[in-house]
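Shown here: work38.cif, mmCIF, C-alpha atoms.
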```
data_my_file
#
loop_
_atom_site.label_atom_id
_atom_site.label_comp_id
_atom_site.auth_asym_id
_atom_site.auth_seq_id
_atom_site.Cartn_x
_atom_site.Cartn_y
_atom_site.Cartn_z
CA MET A 1 -90.30 -39.59 9.62
CA SER A 2 -93.84 -40.65 10.40
CA GLU A 3 -95.06 -44.19 9.85
CA GLU A 4 -97.51 -42.92 7.24
CA LYS A 5 -94.70 -41.40 5.21
CA ASN A 6 -92.85 -44.71 5.38
CA MET A 7 -95.68 -46.72 3.91
CA LEU A 8 -95.78 -47.34 0.21
CA GLN A 9 -98.92 -46.02 -1.44
CA ILE A 10 -99.70 -46.69 -5.07
CA GLU A 11 -102.63 -45.17 -6.94
CA LEU A 12 -103.50 -45.98 -10.52
CA GLU A 13 -105.58 -43.81 -12.82
CA SER A 14 -106.26 -44.96 -16.36
CA MET A 15 -106.70 -42.10 -18.80
CA LYS A 16 -107.52 -42.17 -22.48
CA ARG A 17 -103.97 -42.46 -23.78
CA VAL A 18 -101.92 -43.01 -20.68
CA ASP A 19 -101.90 -44.67 -17.26
CA LEU A 20 -100.95 -42.41 -14.36
CA VAL A 21 -99.37 -44.18 -11.40
CA THR A 22 -98.87 -42.06 -8.28
CA VAL A 23 -96.30 -43.57 -5.93
CA ALA A 24 -95.79 -42.19 -2.42
CA GLY A 25 -93.87 -43.18 0.69
CA ARG A 26 -90.92 -45.52 0.71
CA ILE A 27 -89.80 -48.21 -1.73
CA ASP A 28 -87.19 -50.76 -0.72
CA SER A 29 -86.60 -54.45 -1.33
CA SER A 30 -89.51 -55.39 0.94
CA ASN A 31 -92.16 -53.72 -1.21
CA ALA A 32 -90.65 -53.04 -4.66
CA GLY A 33 -92.60 -56.12 -5.78
CA GLU A 34 -95.87 -54.21 -5.17
CA LEU A 35 -94.85 -51.51 -7.62
CA GLU A 36 -93.60 -54.11 -10.09
CA LYS A 37 -96.95 -55.92 -9.87
CA THR A 38 -98.90 -52.72 -10.55
CA LEU A 39 -96.70 -51.81 -13.50
CA SER A 40 -96.68 -55.29 -15.02
CA GLY A 41 -100.49 -55.32 -14.64
CA ILE A 42 -100.67 -52.22 -16.85
CA ILE A 43 -98.37 -53.82 -19.44
CA GLY A 44 -100.40 -57.04 -19.21
CA SER A 45 -103.58 -55.13 -20.03
CA GLY A 46 -102.03 -53.97 -23.29
CA ARG A 47 -101.26 -50.37 -22.30
CA PHE A 48 -97.71 -49.14 -22.77
CA ASN A 49 -97.80 -45.41 -22.02
CA ILE A 50 -97.16 -44.88 -18.33
CA ILE A 51 -96.50 -41.84 -16.16
CA LEU A 52 -95.04 -42.25 -12.69
CA GLU A 53 -95.84 -39.32 -10.39
CA LEU A 54 -93.12 -39.40 -7.73
CA SER A 55 -93.36 -36.10 -5.84
CA GLN A 56 -94.27 -37.83 -2.55
CA LEU A 57 -91.86 -40.74 -2.90
CA THR A 58 -89.49 -39.96 -0.05
CA TYR A 59 -87.14 -42.95 -0.37
CA MET A 60 -86.23 -45.36 -3.14
CA SER A 61 -83.48 -48.00 -3.19
CA SER A 62 -82.14 -49.82 -6.24
CA ALA A 63 -84.95 -52.39 -5.84
CA GLY A 64 -87.50 -49.70 -6.78
CA LEU A 65 -85.28 -48.43 -9.54
CA ARG A 66 -85.03 -51.92 -11.05
CA ALA A 67 -88.84 -52.19 -11.11
CA ILE A 68 -89.11 -48.87 -12.93
CA VAL A 69 -86.32 -49.60 -15.40
CA SER A 70 -87.66 -53.06 -16.26
CA THR A 71 -91.09 -51.50 -16.96
CA LEU A 72 -89.48 -48.82 -19.12
CA ARG A 73 -87.84 -51.63 -21.09
CA GLU A 74 -91.18 -53.39 -21.65
CA CYS A 75 -92.88 -50.14 -22.71
CA LYS A 76 -90.10 -49.29 -25.16
CA LYS A 77 -90.26 -52.77 -26.69
CA ARG A 78 -93.88 -52.06 -27.55
CA PHE A 79 -93.26 -48.52 -28.81
CA GLY A 80 -94.62 -46.96 -25.64
CA ASP A 81 -92.79 -45.08 -22.91
CA LEU A 82 -92.57 -44.62 -19.17
CA ARG A 83 -92.17 -40.97 -18.21
CA LEU A 84 -91.62 -39.37 -14.81
CA ALA A 85 -93.53 -36.48 -13.28
CA ALA A 86 -92.19 -34.34 -10.43
CA PRO A 87 -89.68 -36.82 -8.97
CA SER A 88 -88.74 -35.89 -5.39
CA GLU A 89 -85.23 -34.73 -4.52
CA ARG A 90 -84.28 -38.16 -3.12
CA VAL A 91 -85.60 -40.02 -6.15
CA THR A 92 -83.74 -37.65 -8.47
CA GLU A 93 -80.57 -38.22 -6.47
CA VAL A 94 -80.91 -42.01 -6.75
CA LEU A 95 -81.60 -41.83 -10.50
CA ASP A 96 -78.62 -39.54 -10.97
CA LEU A 97 -76.37 -41.73 -8.84
CA ALA A 98 -77.30 -44.74 -10.96
CA GLY A 99 -76.52 -42.73 -14.10
CA LEU A 100 -80.02 -43.42 -15.42
CA MET A 101 -81.44 -39.90 -15.69
CA PRO A 102 -80.90 -39.80 -19.48
CA LEU A 103 -83.14 -42.86 -19.90
CA PHE A 104 -86.22 -40.96 -18.81
CA GLU A 105 -88.25 -38.04 -20.03
CA ILE A 106 -88.92 -36.06 -16.86
CA TYR A 107 -91.69 -33.46 -16.47
CA GLU A 108 -92.31 -30.96 -13.70
CA ASP A 109 -95.91 -32.06 -13.13
CA THR A 110 -98.49 -34.60 -14.28
CA THR A 111 -100.23 -32.13 -16.59
CA ALA A 112 -97.06 -31.65 -18.60
CA ALA A 113 -96.33 -35.39 -18.54
CA VAL A 114 -99.84 -36.33 -19.72
CA GLY A 115 -99.65 -33.70 -22.44
CA SER A 116 -96.38 -35.18 -23.70
CA PHE A 117 -98.10 -38.35 -24.96
CA MET B 1 -65.11 -42.98 20.46
CA GLY B 2 -68.85 -43.59 21.06
CA LYS B 3 -70.22 -46.86 22.32
CA LYS B 4 -70.70 -49.55 19.68
CA GLN B 5 -74.39 -50.22 19.03
CA VAL B 6 -75.42 -53.64 17.73
CA LEU B 7 -78.63 -55.01 16.20
CA THR B 8 -79.28 -58.55 14.98
CA VAL B 9 -82.26 -59.31 12.76
CA ALA B 10 -83.52 -62.21 10.66
CA GLY B 11 -82.38 -62.06 7.05
CA ARG B 12 -85.68 -60.92 5.62
CA TYR B 13 -86.60 -58.04 3.34
CA ASP B 14 -89.15 -56.72 5.83
CA LYS B 15 -86.29 -56.17 8.31
CA VAL B 16 -84.38 -53.87 5.96
CA LYS B 17 -86.31 -50.81 7.13
CA LYS B 18 -85.55 -51.65 10.77
CA ILE B 19 -81.83 -51.84 9.92
CA CYS B 20 -82.05 -48.49 8.11
CA GLU B 21 -83.86 -46.79 11.00
CA PHE B 22 -81.37 -48.18 13.54
CA VAL B 23 -78.37 -46.86 11.64
CA ALA B 24 -80.01 -43.58 10.59
CA GLU B 25 -80.71 -42.73 14.22
CA GLY B 26 -77.07 -43.35 15.11
CA ALA B 27 -75.90 -41.29 12.14
CA ARG B 28 -78.06 -38.33 13.22
CA GLN B 29 -76.73 -38.54 16.76
CA ALA B 30 -73.19 -38.63 15.38
CA GLY B 31 -73.83 -35.27 13.72
CA LEU B 32 -74.23 -36.25 10.08
CA ASN B 33 -76.55 -33.97 8.11
CA GLU B 34 -79.78 -35.24 6.53
CA ASP B 35 -78.17 -35.81 3.12
CA ALA B 36 -75.44 -37.92 4.70
CA VAL B 37 -78.00 -39.78 6.84
CA PHE B 38 -79.90 -40.63 3.65
CA HIS B 39 -76.68 -41.91 2.06
CA VAL B 40 -75.91 -44.09 5.08
CA GLU B 41 -79.47 -45.40 5.11
CA LEU B 42 -79.43 -46.20 1.40
CA CYS B 43 -76.08 -48.01 1.66
CA CYS B 44 -77.26 -50.13 4.61
CA ASP B 45 -80.44 -50.96 2.68
CA GLU B 46 -78.44 -52.04 -0.38
CA ALA B 47 -75.92 -54.02 1.67
CA SER B 48 -78.64 -55.86 3.65
CA THR B 49 -80.58 -56.62 0.47
CA ASN B 50 -77.43 -58.03 -1.13
CA ILE B 51 -76.84 -60.25 1.91
CA ILE B 52 -80.34 -61.73 1.66
CA GLU B 53 -80.26 -61.97 -2.15
CA HIS B 54 -76.69 -63.13 -2.73
CA ALA B 55 -75.02 -64.33 0.49
CA TYR B 56 -78.04 -66.24 1.84
CA GLY B 57 -79.74 -66.65 -1.53
CA ALA B 58 -83.23 -66.35 0.00
CA GLU B 59 -85.11 -64.95 2.98
CA ASN B 60 -85.06 -66.64 6.41
CA VAL B 61 -81.80 -68.49 5.79
CA GLY B 62 -79.69 -66.67 8.37
CA GLN B 63 -79.27 -63.56 10.46
CA ILE B 64 -77.78 -60.16 9.77
CA THR B 65 -75.88 -58.37 12.52
CA ILE B 66 -75.37 -54.68 12.03
CA SER B 67 -73.36 -52.36 14.22
CA TYR B 68 -72.24 -48.78 14.20
CA GLN B 69 -69.76 -46.70 16.13
CA ALA B 70 -69.02 -43.00 15.92
CA SER B 71 -65.89 -41.04 16.62
CA GLU B 72 -65.43 -37.33 16.09
CA GLU B 73 -64.44 -37.86 12.47
CA ARG B 74 -65.81 -41.24 11.39
CA PHE B 75 -69.14 -43.04 11.42
CA THR B 76 -68.33 -46.73 11.01
CA ILE B 77 -70.92 -49.36 10.12
CA THR B 78 -70.42 -53.12 9.89
CA LEU B 79 -72.79 -55.73 8.50
CA HIS B 80 -72.12 -59.37 9.27
CA ASP B 81 -73.65 -62.55 7.88
CA ASN B 82 -72.85 -66.24 7.69
CA GLY B 83 -73.92 -66.81 4.10
CA ARG B 84 -71.94 -67.56 0.99
CA THR B 85 -69.07 -65.27 0.23
CA PHE B 86 -70.35 -62.29 -1.68
CA ASN B 87 -67.55 -59.90 -2.43
CA PRO B 88 -68.95 -56.54 -3.55
CA GLU B 89 -65.52 -55.60 -4.84
CA GLU B 90 -65.95 -58.21 -7.59
CA VAL B 91 -69.26 -56.79 -8.79
CA PRO B 92 -68.84 -54.74 -11.97
CA PRO B 93 -70.21 -51.19 -12.08
CA PRO B 94 -73.44 -50.53 -14.00
CA PRO B 95 -72.96 -50.37 -17.78
CA PRO B 96 -72.58 -46.92 -19.34
CA LEU B 97 -75.55 -45.55 -21.23
CA PRO B 98 -75.30 -45.10 -24.98
CA ASP B 99 -74.12 -41.63 -25.98
CA SER B 100 -76.92 -39.11 -26.15
CA ILE B 101 -76.96 -35.78 -27.92
CA ASP B 102 -78.10 -32.75 -25.94
CA GLY B 103 -81.58 -31.60 -26.81
CA LEU B 104 -82.63 -34.81 -28.47
CA ALA B 105 -84.73 -37.67 -27.14
CA PRO B 106 -83.22 -39.96 -24.50
CA PRO B 107 -80.88 -42.65 -25.86
CA GLU B 108 -82.31 -46.02 -26.82
CA PRO B 109 -80.35 -48.55 -24.78
CA SER B 110 -79.79 -52.02 -26.17
CA GLU B 111 -81.25 -55.20 -24.69
CA LEU B 112 -77.73 -56.00 -23.50
CA PHE B 113 -77.66 -52.75 -21.55
CA PHE B 114 -80.77 -53.77 -19.62
CA ASP B 115 -79.46 -57.31 -19.08
CA ASN B 116 -76.22 -55.98 -17.67
CA LEU B 117 -78.09 -53.51 -15.50
CA GLN B 118 -79.95 -56.32 -13.76
CA ILE B 119 -76.76 -58.11 -12.79
CA GLY B 120 -74.55 -55.05 -12.62
CA GLY B 121 -75.01 -54.40 -8.95
CA LEU B 122 -76.55 -50.96 -8.65
CA GLY B 123 -76.53 -51.36 -4.88
CA VAL B 124 -72.79 -51.97 -4.80
CA HIS B 125 -72.33 -48.98 -7.07
CA PHE B 126 -74.29 -46.83 -4.60
CA ILE B 127 -72.16 -48.05 -1.70
CA ARG B 128 -68.93 -47.33 -3.57
CA SER B 129 -70.16 -43.89 -4.59
CA LEU B 130 -71.60 -42.72 -1.29
CA MET B 131 -69.31 -44.14 1.39
CA ASP B 132 -65.80 -42.85 2.04
CA GLU B 133 -64.32 -46.28 2.84
CA VAL B 134 -65.59 -49.78 2.06
CA HIS B 135 -63.89 -52.99 3.22
CA PHE B 136 -64.96 -56.58 2.90
CA ASP B 137 -63.66 -59.52 4.95
CA PHE B 138 -64.79 -63.09 4.71
CA SER B 139 -63.81 -66.37 6.24
CA LYS B 140 -65.37 -69.82 6.38
CA GLN B 141 -65.18 -69.71 10.17
CA HIS B 142 -66.42 -66.21 10.87
CA GLY B 143 -68.59 -65.36 7.88
CA ASN B 144 -68.74 -62.15 5.86
CA THR B 145 -68.19 -58.67 7.27
CA LEU B 146 -68.75 -55.50 5.27
CA THR B 147 -67.35 -52.35 6.86
CA MET B 148 -68.44 -48.95 5.57
CA VAL B 149 -67.16 -45.61 6.83
CA LYS B 150 -68.66 -42.16 6.34
CA TYR B 151 -66.37 -39.29 7.30
CA ILE B 152 -68.20 -36.86 9.51
CA SER B 153 -65.93 -33.96 8.63
CA SER B 154 -66.52 -34.44 4.88
CA GLU B 155 -70.23 -35.16 5.08
CA ALA B 156 -71.02 -32.51 2.50
CA GLN B 157 -69.15 -34.66 -0.03
CA PRO B 158 -70.74 -37.92 -1.24
#
```

As a first step, turn the structure in this file into structure tokens.
Amino acid sequence: MSEEKNMLQIELESMKRVDLVTVAGRIDSSNAGELEKTLSGIIGSGRFNIILELSQLTYMSSAGLRAIVSTLRECKKRFGDLRLAAPSERVTEVLDLAGLMPLFEIYEDTTAAVGSF
Amino acid sequence: MGKKQVLTVAGRYDKVKKICEFVAEGARQAGLNEDAVFHVELCCDEASTNIIEHAYGAENVGQITISYQASEERFTITLHDNGRTFNPEEVPPPPPLPDSIDGLAPPEPSELFFDNLQIGGLGVHFIRSLMDEVHFDFSKQHGNTLTMVKYISSEAQP
């Protein structure tokens, strides 16, 4: 796996009704805080509809999962939601292993996910 | 039995990837497929993170020594630390989700569900689910040693 693929890349795009966060690379305990910071920044700005695009996220440990689940909790508290678009095979496996798949609405691409809000 | 390979790193989160890469390389050489290598990598990540978070309680408190050894049938990994005793066997599994009905919206978990999830030890749950054998030994003199075994012959199974 190349070094580039190992690096965590987070891109944020604010749309009219939803914030799209594209996460690529690798999330573990060393950098899950970066994702958490991005997501809590969105919540802090008063926006509670979030899509995570995870097609290029090649690795995620429970540290990344905790960041996502705690953001889902904050969104739900405020009648918003965090939905997933195109999670990679590894991310799907981790979600499934944790038994948390039913918590999320999952869409095959960002267009479908954006349209769901 | 292959030669035992050993790596010692500082107990810091930015060393977790190095631990994972070290073990993943050994797992590939031992003949595990990419799914099994990912499982081994994930378990070493979770175990190292737990050592820093729970056994040492913070970064830069102590070292983590990780080793692996392969035989024809078993890929054996050990992680050693000198922190507080953290017995993964005492960590409860993640809480079950509320019942959902097929075709309807995802279940609405309670606040308690989320609280329990934070302390429920997802990492330990991953290790229990993905490794074929897990042992934990601890002593005041010698510290904590977690041993995890992945069967090479049953690598298609989690």

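Put simply, CA of His39 (chain B) is 13.9 Å away from CA of Phe22 (chain B).
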
field: Contacts of Cys20 (chain B) at 7 Å (only C-alpha atoms; same-chain gap of 5+ positions) as a list in words
entry: Glu41, Cys44 and Asp45 of chain B

message: I'd like the neighbourhood of Val94 (chain A) as a PyMOL selection string, where a residue qualifies if any of its atoms comes within 12 Å (using only C-alpha atoms), though same-chain residues fewer than 4 positions away should be ignored.
response: (chain A and resi 27+57-66+87-90+98-101) or (chain B and resi 35+38-39+42-43+122-123+125-127+129-130)

Just write the chosen residues, C-alpha atoms, as a PDB file, in the coordinates of the input.
```pdb
ATOM      1  CA  ILE A  27     -89.800 -48.210  -1.730  1.00  0.00           C
ATOM      2  CA  LEU A  57     -91.860 -40.740  -2.900  1.00  0.00           C
ATOM      3  CA  THR A  58     -89.490 -39.960  -0.050  1.00  0.00           C
ATOM      4  CA  TYR A  59     -87.140 -42.950  -0.370  1.00  0.00           C
ATOM      5  CA  MET A  60     -86.230 -45.360  -3.140  1.00  0.00           C
ATOM      6  CA  SER A  61     -83.480 -48.000  -3.190  1.00  0.00           C
ATOM      7  CA  SER A  62     -82.140 -49.820  -6.240  1.00  0.00           C
ATOM      8  CA  ALA A  63     -84.950 -52.390  -5.840  1.00  0.00           C
ATOM      9  CA  GLY A  64     -87.500 -49.700  -6.780  1.00  0.00           C
ATOM     10  CA  LEU A  65     -85.280 -48.430  -9.540  1.00  0.00           C
ATOM     11  CA  ARG A  66     -85.030 -51.920 -11.050  1.00  0.00           C
ATOM     12  CA  PRO A  87     -89.680 -36.820  -8.970  1.00  0.00           C
ATOM     13  CA  SER A  88     -88.740 -35.890  -5.390  1.00  0.00           C
ATOM     14  CA  GLU A  89     -85.230 -34.730  -4.520  1.00  0.00           C
ATOM     15  CA  ARG A  90     -84.280 -38.160  -3.120  1.00  0.00           C
ATOM     16  CA  ALA A  98     -77.300 -44.740 -10.960  1.00  0.00           C
ATOM     17  CA  GLY A  99     -76.520 -42.730 -14.100  1.00  0.00           C
ATOM     18  CA  LEU A 100     -80.020 -43.420 -15.420  1.00  0.00           C
ATOM     19  CA  MET A 101     -81.440 -39.900 -15.690  1.00  0.00           C
TER      20      MET A 101
ATOM     21  CA  ASP B  35     -78.170 -35.810   3.120  1.00  0.00           C
ATOM     22  CA  PHE B  38     -79.900 -40.630   3.650  1.00  0.00           C
ATOM     23  CA  HIS B  39     -76.680 -41.910   2.060  1.00  0.00           C
ATOM     24  CA  LEU B  42     -79.430 -46.200   1.400  1.00  0.00           C
ATOM     25  CA  CYS B  43     -76.080 -48.010   1.660  1.00  0.00           C
ATOM     26  CA  LEU B 122     -76.550 -50.960  -8.650  1.00  0.00           C
ATOM     27  CA  GLY B 123     -76.530 -51.360  -4.880  1.00  0.00           C
ATOM     28  CA  HIS B 125     -72.330 -48.980  -7.070  1.00  0.00           C
ATOM     29  CA  PHE B 126     -74.290 -46.830  -4.600  1.00  0.00           C
ATOM     30  CA  ILE B 127     -72.160 -48.050  -1.700  1.00  0.00           C
ATOM     31  CA  SER B 129     -70.160 -43.890  -4.590  1.00  0.00           C
ATOM     32  CA  LEU B 130     -71.600 -42.720  -1.290  1.00  0.00           C
TER      33      LEU B 130
END
```

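Evaluating the PyMOL selection byres ((chain A and resi 13-21) around 9) against the shown model yields Ile10, Glu11, Leu12, Thr22, Val23, Thr38, Leu39, Ile42, Arg47, Phe48, Asn49, Ile50, Ile51, Leu52, Glu53, Leu54, Thr110, Val114 and Phe117 of chain A.
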
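Minimum distance to chain A across B:Val16, B:Val91, B:Ile66, B:Met1 (counting all atoms listed in the file) occurs at B:Val16.
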
message: With all atoms listed in the file as the counted atoms, please give the residues lying no more than 10 Å from Phe138 (chain B), apart from itself and same-chain residues fewer than 6 positions off, as a list of chain:residue names.
response: B:His80, B:Asp81, B:Asn82, B:Gly83, B:Arg84, B:Thr85, B:Phe86, B:Asn87, B:Asn144, B:Thr145, B:Leu146

Taking C-alpha atoms for each residue, export the selection above as a PDB file, in the frame of the given file.
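New file selection-v8.pdb:
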```pdb
ATOM      1  CA  HIS B  80     -72.120 -59.370   9.270  1.00  0.00           C
ATOM      2  CA  ASP B  81     -73.650 -62.550   7.880  1.00  0.00           C
ATOM      3  CA  ASN B  82     -72.850 -66.240   7.690  1.00  0.00           C
ATOM      4  CA  GLY B  83     -73.920 -66.810   4.100  1.00  0.00           C
ATOM      5  CA  ARG B  84     -71.940 -67.560   0.990  1.00  0.00           C
ATOM      6  CA  THR B  85     -69.070 -65.270   0.230  1.00  0.00           C
ATOM      7  CA  PHE B  86     -70.350 -62.290  -1.680  1.00  0.00           C
ATOM      8  CA  ASN B  87     -67.550 -59.900  -2.430  1.00  0.00           C
ATOM      9  CA  ASN B 144     -68.740 -62.150   5.860  1.00  0.00           C
ATOM     10  CA  THR B 145     -68.190 -58.670   7.270  1.00  0.00           C
ATOM     11  CA  LEU B 146     -68.750 -55.500   5.270  1.00  0.00           C
TER      12      LEU B 146
END
```

- prompt: On this structure, which residues satisfy the PyMOL selection byres ((chain A) within 6 of (chain B)), written as a count of residues only?
  reply: 5

- line: Here CA of Ile106 (chain A) and CA of Ser45 (chain A) stand apart by 24.3 Å

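Rounded to one decimal, CA of Ala27 (chain B) and CA of Leu7 (chain B) lie 14.6 Å from each other.
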
The PyMOL selection byres ((chain A and resi 78) around 10) applied to the shown file, residues as JSON, numbers by chain: {"A": [43, 46, 47, 48, 49, 73, 74, 75, 76, 77, 79, 80, 81]}

- prompt: Got a sec: who's within 7 Å of Ile152 (chain B), counting only C-alpha atoms, leaving out chain neighbours fewer than 5 positions off, as a ChimeraX atom specification?
  reply: /B:32,73-75

Near-Glu36 (chain A) list (8 Å; all atoms listed in the file; drop same-chain fewer than 6 positions) as a PDB file with C-alpha atoms, in the coordinates of the input:
```pdb
ATOM      1  CA  ALA A  67     -88.840 -52.190 -11.110  1.00  0.00           C
ATOM      2  CA  ILE A  68     -89.110 -48.870 -12.930  1.00  0.00           C
ATOM      3  CA  THR A  71     -91.090 -51.500 -16.960  1.00  0.00           C
TER       4      THR A  71
END
```
